[in-house]
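What follows is a short report on a single structure.
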Amino acid sequence: MPRVSAFYGIVIWMYHDDHNPPHFHASYGEHWAVYGIDGPALLAGSFPARARRMVEEWGLATFR
């Protein structure tokens, strides 16, 4: 997995030639999620609320 970032037990990764729409993957313990880059909006999976907010903040800071 091409790991992009890791913080507070959350791991973020992206694949070079992955399907559309542009997105990144995140995992936290047994939880996983896929977030769209435009937003970032949760596309699939689920995260605890606090971890979800941190991933969304990371996405906004990284892709804006």
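Just so we're on the same page: first chain in the structure tokens is A, next is B, and so on; residues restart at 1 for each chain, and ligands are numbered from 1 in the order they show up.
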Please provide as number ranges by chain all residues within 8 Å of segment 32-39 of chain A, with the sequence filter that same-chain residues fewer than 6 positions apart are discarded (counting only C-alpha atoms). A: 21-26, 45-47, 59-60, 63
Those residues you just picked out, can you put them in a file as a short mmCIF file (atom, residue, chain, number, x, y, z; two decimals), in the first residue's frame with N, CA and C atoms?
data_model
loop_
_atom_site.label_atom_id
_atom_site.label_comp_id
_atom_site.auth_asym_id
_atom_site.auth_seq_id
_atom_site.Cartn_x
_atom_site.Cartn_y
_atom_site.Cartn_z
N PRO A 21 -14.25 8.17 -8.57
CA PRO A 21 -13.70 9.52 -8.46
C PRO A 21 -12.40 9.51 -7.67
N PRO A 22 -11.59 10.57 -7.79
CA PRO A 22 -10.35 10.65 -7.02
C PRO A 22 -10.65 10.52 -5.52
N HIS A 23 -9.88 9.68 -4.84
CA HIS A 23 -10.17 9.39 -3.44
C HIS A 23 -8.93 8.91 -2.72
N PHE A 24 -9.04 8.81 -1.39
CA PHE A 24 -7.99 8.20 -0.58
C PHE A 24 -8.64 7.24 0.39
N HIS A 25 -7.85 6.28 0.87
CA HIS A 25 -8.31 5.27 1.80
C HIS A 25 -7.76 5.60 3.18
N ALA A 26 -8.51 5.24 4.21
CA ALA A 26 -8.06 5.46 5.59
C ALA A 26 -8.43 4.25 6.43
N GLY A 45 -17.52 2.85 3.86
CA GLY A 45 -16.97 2.49 5.15
C GLY A 45 -17.49 3.37 6.27
N SER A 46 -16.85 3.26 7.43
CA SER A 46 -17.25 4.07 8.58
C SER A 46 -16.07 4.25 9.52
N PHE A 47 -16.11 5.33 10.26
CA PHE A 47 -15.09 5.68 11.23
C PHE A 47 -15.78 6.19 12.49
N GLY A 59 -7.74 15.87 5.11
CA GLY A 59 -8.08 15.98 3.69
C GLY A 59 -8.23 17.41 3.23
N LEU A 60 -8.88 18.23 4.03
CA LEU A 60 -9.05 19.65 3.68
C LEU A 60 -7.69 20.35 3.62
N PHE A 63 -5.61 18.73 0.39
CA PHE A 63 -6.09 18.85 -0.98
C PHE A 63 -6.70 20.21 -1.32
#
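Around Tyr28 of chain A, within 9 Å and counting only C-alpha atoms, the residues found are A:Tyr8, A:Gly9, A:Ile10, A:Val11, A:Ala33, A:Phe47, A:Pro48, A:Ala51, once anything fewer than 5 positions away on its own chain is removed.
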Restricting it to N, CA and C atoms, dump the selection as an mmCIF file, in the first residue's frame.
data_model
loop_
_atom_site.group_PDB
_atom_site.id
_atom_site.type_symbol
_atom_site.label_atom_id
_atom_site.label_comp_id
_atom_site.auth_asym_id
_atom_site.auth_seq_id
_atom_site.Cartn_x
_atom_site.Cartn_y
_atom_site.Cartn_z
ATOM 1 N N TYR A 8 -2.020 9.493 14.974
ATOM 2 C CA TYR A 8 -2.949 9.038 16.011
ATOM 3 C C TYR A 8 -3.563 7.667 15.699
ATOM 4 N N GLY A 9 -2.808 6.782 15.090
ATOM 5 C CA GLY A 9 -3.309 5.448 14.761
ATOM 6 C C GLY A 9 -4.093 5.375 13.468
ATOM 7 N N ILE A 10 -4.249 6.496 12.784
ATOM 8 C CA ILE A 10 -4.949 6.551 11.499
ATOM 9 C C ILE A 10 -3.902 6.455 10.389
ATOM 10 N N VAL A 11 -4.159 5.607 9.411
ATOM 11 C CA VAL A 11 -3.252 5.466 8.275
ATOM 12 C C VAL A 11 -4.009 5.863 7.015
ATOM 13 N N ALA A 33 -12.279 3.329 5.692
ATOM 14 C CA ALA A 33 -13.162 4.236 4.966
ATOM 15 C C ALA A 33 -12.477 4.699 3.692
ATOM 16 N N PHE A 47 -16.111 5.334 10.260
ATOM 17 C CA PHE A 47 -15.086 5.679 11.234
ATOM 18 C C PHE A 47 -15.776 6.185 12.487
ATOM 19 N N PRO A 48 -15.134 6.054 13.656
ATOM 20 C CA PRO A 48 -15.650 6.733 14.843
ATOM 21 C C PRO A 48 -15.645 8.247 14.587
ATOM 22 N N ALA A 51 -12.221 10.238 14.923
ATOM 23 C CA ALA A 51 -11.270 9.882 13.870
ATOM 24 C C ALA A 51 -11.742 10.422 12.523
#
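Taking atom CA of Asp18 of chain A and atom CA of Arg50 of chain A as endpoints, the distance between them is 27.3 Å.
Here the residues within chain A that DSSP labels strand (DSSP E) on the basis of the backbone are A:Arg3, A:Val4, A:Ser5, A:Ala6, A:Phe7, A:Ile10, A:Val11, A:Ile12, A:Trp13, A:His23, A:Phe24, A:His25, A:Ala26, A:Ser27, A:Tyr28, A:His31, A:Trp32, A:Ala33, A:Val34, A:Tyr35, A:Gly36, A:Leu42, A:Leu43, A:Ala44, A:Gly45, A:Ser46.
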Between atom CA of His19 of chain A and atom CA of Met54 of chain A - distance in Å to one decimal: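 Atom CA of Met54 of chain A sits 24.4 Å away from atom CA of His19 of chain A.
Between Ser5 of chain A and the residues A:Leu43, A:Asn20, A:Arg64, A:Trp58, the shortest atom-to-atom distance, using only C-alpha atoms, involves A:Trp58.
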Can you tell me how far atom CA of Asp17 of chain A sits from atom CA of Pro2 of chain A, in Å to one decimal? 11.5 Å
